[in-house]
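Containing mmCIF, C-alpha atoms: start-v3.cif.
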data_target
#
loop_
_atom_site.group_PDB
_atom_site.id
_atom_site.type_symbol
_atom_site.label_atom_id
_atom_site.label_comp_id
_atom_site.auth_asym_id
_atom_site.auth_seq_id
_atom_site.Cartn_x
_atom_site.Cartn_y
_atom_site.Cartn_z
ATOM 1 C CA MET Q 268 -19.510 9.800 63.057
ATOM 2 C CA GLY Q 269 -20.292 13.156 61.515
ATOM 3 C CA LYS Q 270 -22.759 11.654 59.044
ATOM 4 C CA ILE Q 271 -24.681 9.942 61.842
ATOM 5 C CA ILE Q 272 -24.976 13.229 63.752
ATOM 6 C CA ASP Q 273 -26.152 14.954 60.557
ATOM 7 C CA ILE Q 274 -28.863 12.343 60.019
ATOM 8 C CA ILE Q 275 -29.930 12.559 63.669
ATOM 9 C CA GLN Q 276 -30.108 16.333 63.421
ATOM 10 C CA VAL Q 277 -32.281 16.225 60.292
ATOM 11 C CA VAL Q 278 -34.673 13.677 61.805
ATOM 12 C CA VAL Q 279 -34.952 15.587 65.089
ATOM 13 C CA SER Q 280 -35.499 18.880 63.256
ATOM 14 C CA VAL Q 281 -38.319 17.424 61.134
ATOM 15 C CA LEU Q 282 -39.963 15.958 64.246
ATOM 16 C CA LEU Q 283 -39.539 19.288 66.068
ATOM 17 C CA ILE Q 284 -41.141 21.214 63.219
ATOM 18 C CA GLY Q 285 -44.029 18.737 63.161
ATOM 19 C CA SER Q 286 -44.589 18.944 66.910
ATOM 20 C CA ILE Q 287 -44.622 22.738 66.790
ATOM 21 C CA LEU Q 288 -47.069 22.821 63.885
ATOM 22 C CA PHE Q 289 -49.451 20.364 65.567
ATOM 23 C CA GLN Q 290 -49.804 22.538 68.657
ATOM 24 C CA GLN Q 291 -52.914 24.665 68.827
ATOM 25 C CA ARG Q 292 -53.442 28.085 70.305
ATOM 26 C CA GLY Q 293 -56.685 29.265 71.839
ATOM 27 C CA ALA Q 294 -56.710 32.762 70.404
ATOM 28 C CA GLY Q 295 -55.864 32.941 66.749
ATOM 29 C CA LEU Q 296 -56.503 35.889 64.501
ATOM 30 C CA SER Q 297 -59.806 36.603 66.262
ATOM 31 C CA SER Q 298 -58.042 38.429 69.101
ATOM 32 C CA THR Q 299 -56.744 40.947 66.568
ATOM 33 C CA PHE Q 300 -60.282 42.053 65.782
ATOM 34 C CA GLY Q 301 -61.526 42.205 69.352
ATOM 35 C CA GLY Q 302 -62.686 38.623 69.798
ATOM 36 C CA GLU Q 303 -62.196 37.063 73.180
ATOM 37 C CA GLY Q 304 -59.889 34.098 73.480
ATOM 38 C CA GLY Q 305 -60.357 31.354 76.005
ATOM 39 C CA VAL Q 306 -58.074 31.111 78.993
ATOM 40 C CA TYR Q 307 -56.313 27.796 79.418
ATOM 41 C CA PHE Q 308 -55.127 26.796 82.853
ATOM 42 C CA LYS Q 309 -53.867 23.260 82.289
ATOM 43 C CA LYS Q 310 -52.688 21.185 79.405
ATOM 44 C CA ARG Q 311 -54.346 17.780 79.275
ATOM 45 C CA GLY Q 312 -54.099 14.619 77.264
ATOM 46 C CA MET Q 313 -52.497 14.784 73.858
ATOM 47 C CA GLU Q 314 -51.807 18.510 74.202
ATOM 48 C CA LYS Q 315 -49.591 17.870 77.239
ATOM 49 C CA ILE Q 316 -47.779 14.982 75.529
ATOM 50 C CA LEU Q 317 -47.112 17.154 72.475
ATOM 51 C CA PHE Q 318 -45.897 20.026 74.672
ATOM 52 C CA VAL Q 319 -43.429 17.791 76.551
ATOM 53 C CA ALA Q 320 -42.309 16.138 73.307
ATOM 54 C CA THR Q 321 -41.570 19.565 71.822
ATOM 55 C CA ILE Q 322 -39.383 20.473 74.791
ATOM 56 C CA ILE Q 323 -37.519 17.153 74.609
ATOM 57 C CA LEU Q 324 -37.006 17.443 70.850
ATOM 58 C CA ALA Q 325 -35.701 20.998 71.219
ATOM 59 C CA GLY Q 326 -33.222 19.796 73.832
ATOM 60 C CA LEU Q 327 -32.109 16.926 71.601
ATOM 61 C CA PHE Q 328 -31.661 19.298 68.685
ATOM 62 C CA ILE Q 329 -29.516 21.678 70.732
ATOM 63 C CA LEU Q 330 -27.497 18.770 72.122
ATOM 64 C CA SER Q 331 -26.895 17.338 68.642
ATOM 65 C CA ALA Q 332 -25.787 20.763 67.406
ATOM 66 C CA ILE Q 333 -23.296 21.070 70.267
ATOM 67 C CA VAL Q 334 -21.964 17.546 69.620
ATOM 68 C CA ARG Q 335 -21.662 18.356 65.912
ATOM 69 C CA MET Q 336 -19.651 21.495 66.699
ATOM 70 C CA ALA Q 337 -17.430 19.568 69.114
ATOM 71 C CA ILE Q 338 -16.474 16.872 66.622
ATOM 72 C CA SER Q 339 -15.884 19.273 63.714
#

Represent the structure contained in this file as structure tokens.
Amino acid sequence: MGKIIDIIQVVVSVLLIGSILFQQRGAGLSSTFGGEGGVYFKKRGMEKILFVATIILAGLFILSAIVRMAIS
């Protein structure tokens, strides 16, 4: 059972890292030098799906870590 949880944790962590890296921010390094960043009010389309997927993956990762601690 422990090996299955380990594999699940690795897969979820890789997916979580990928979903975080695919997210974009409006103001990058340009705001450091006085550039104006756009203001975003709503997430739409793929951005919203990626945002929700990141939250779900983070929850799954935390849950798998708690289960792993419980069975150890």

List every protein, DNA or RNA residue with an atom no more than 12 Å from (-34.5, 22.4, 71.9) in the file's coordinates, counting only C-alpha atoms, and format the result as a JSON list (two decimals) with C-alpha atoms, keeping the file's coordinate frame.
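Contents of result_29.json, as written:
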[["chain", "number", "residue", "atom", "x", "y", "z"],
["Q", 276, "GLN", "CA", -30.11, 16.33, 63.42],
["Q", 279, "VAL", "CA", -34.95, 15.59, 65.09],
["Q", 280, "SER", "CA", -35.50, 18.88, 63.26],
["Q", 282, "LEU", "CA", -39.96, 15.96, 64.25],
["Q", 283, "LEU", "CA", -39.54, 19.29, 66.07],
["Q", 284, "ILE", "CA", -41.14, 21.21, 63.22],
["Q", 286, "SER", "CA", -44.59, 18.94, 66.91],
["Q", 287, "ILE", "CA", -44.62, 22.74, 66.79],
["Q", 318, "PHE", "CA", -45.90, 20.03, 74.67],
["Q", 319, "VAL", "CA", -43.43, 17.79, 76.55],
["Q", 320, "ALA", "CA", -42.31, 16.14, 73.31],
["Q", 321, "THR", "CA", -41.57, 19.57, 71.82],
["Q", 322, "ILE", "CA", -39.38, 20.47, 74.79],
["Q", 323, "ILE", "CA", -37.52, 17.15, 74.61],
["Q", 324, "LEU", "CA", -37.01, 17.44, 70.85],
["Q", 325, "ALA", "CA", -35.70, 21.00, 71.22],
["Q", 326, "GLY", "CA", -33.22, 19.80, 73.83],
["Q", 327, "LEU", "CA", -32.11, 16.93, 71.60],
["Q", 328, "PHE", "CA", -31.66, 19.30, 68.68],
["Q", 329, "ILE", "CA", -29.52, 21.68, 70.73],
["Q", 330, "LEU", "CA", -27.50, 18.77, 72.12],
["Q", 331, "SER", "CA", -26.90, 17.34, 68.64],
["Q", 332, "ALA", "CA", -25.79, 20.76, 67.41],
["Q", 333, "ILE", "CA", -23.30, 21.07, 70.27]]

Nearby residues (only C-alpha atoms) at most 9 Å from Q:Gly269, same-chain spacing under 5 positions excluded, as a VMD selection string: chain Q and resid 274 335 338 to 339

Contacts of Q:Gln291 at 12 Å (all atoms listed in the file; same-chain gap of 6+ positions) as a ChimeraX atom specification: /Q:307,310,313-315,317-318

Would you save the residues of that selection, restricted to C-alpha atoms, as a PDB file, keeping the file's coordinate frame?
ATOM      1  CA  TYR Q 307     -56.313  27.796  79.418  1.00  0.00           C
ATOM      2  CA  LYS Q 310     -52.688  21.185  79.405  1.00  0.00           C
ATOM      3  CA  MET Q 313     -52.497  14.784  73.858  1.00  0.00           C
ATOM      4  CA  GLU Q 314     -51.807  18.510  74.202  1.00  0.00           C
ATOM      5  CA  LYS Q 315     -49.591  17.870  77.239  1.00  0.00           C
ATOM      6  CA  LEU Q 317     -47.112  17.154  72.475  1.00  0.00           C
ATOM      7  CA  PHE Q 318     -45.897  20.026  74.672  1.00  0.00           C
TER       8      PHE Q 318
END

Calculate how many Å separate atom CA of Q:Gly285 from atom CA of Q:Met268, rounding to one decimal. 26.1 Å

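Nearest to Q:Met336 of all the residues Q:Val277, Q:Phe289, Q:Ile316, Q:Ile272 is Q:Ile272, counting only C-alpha atoms.
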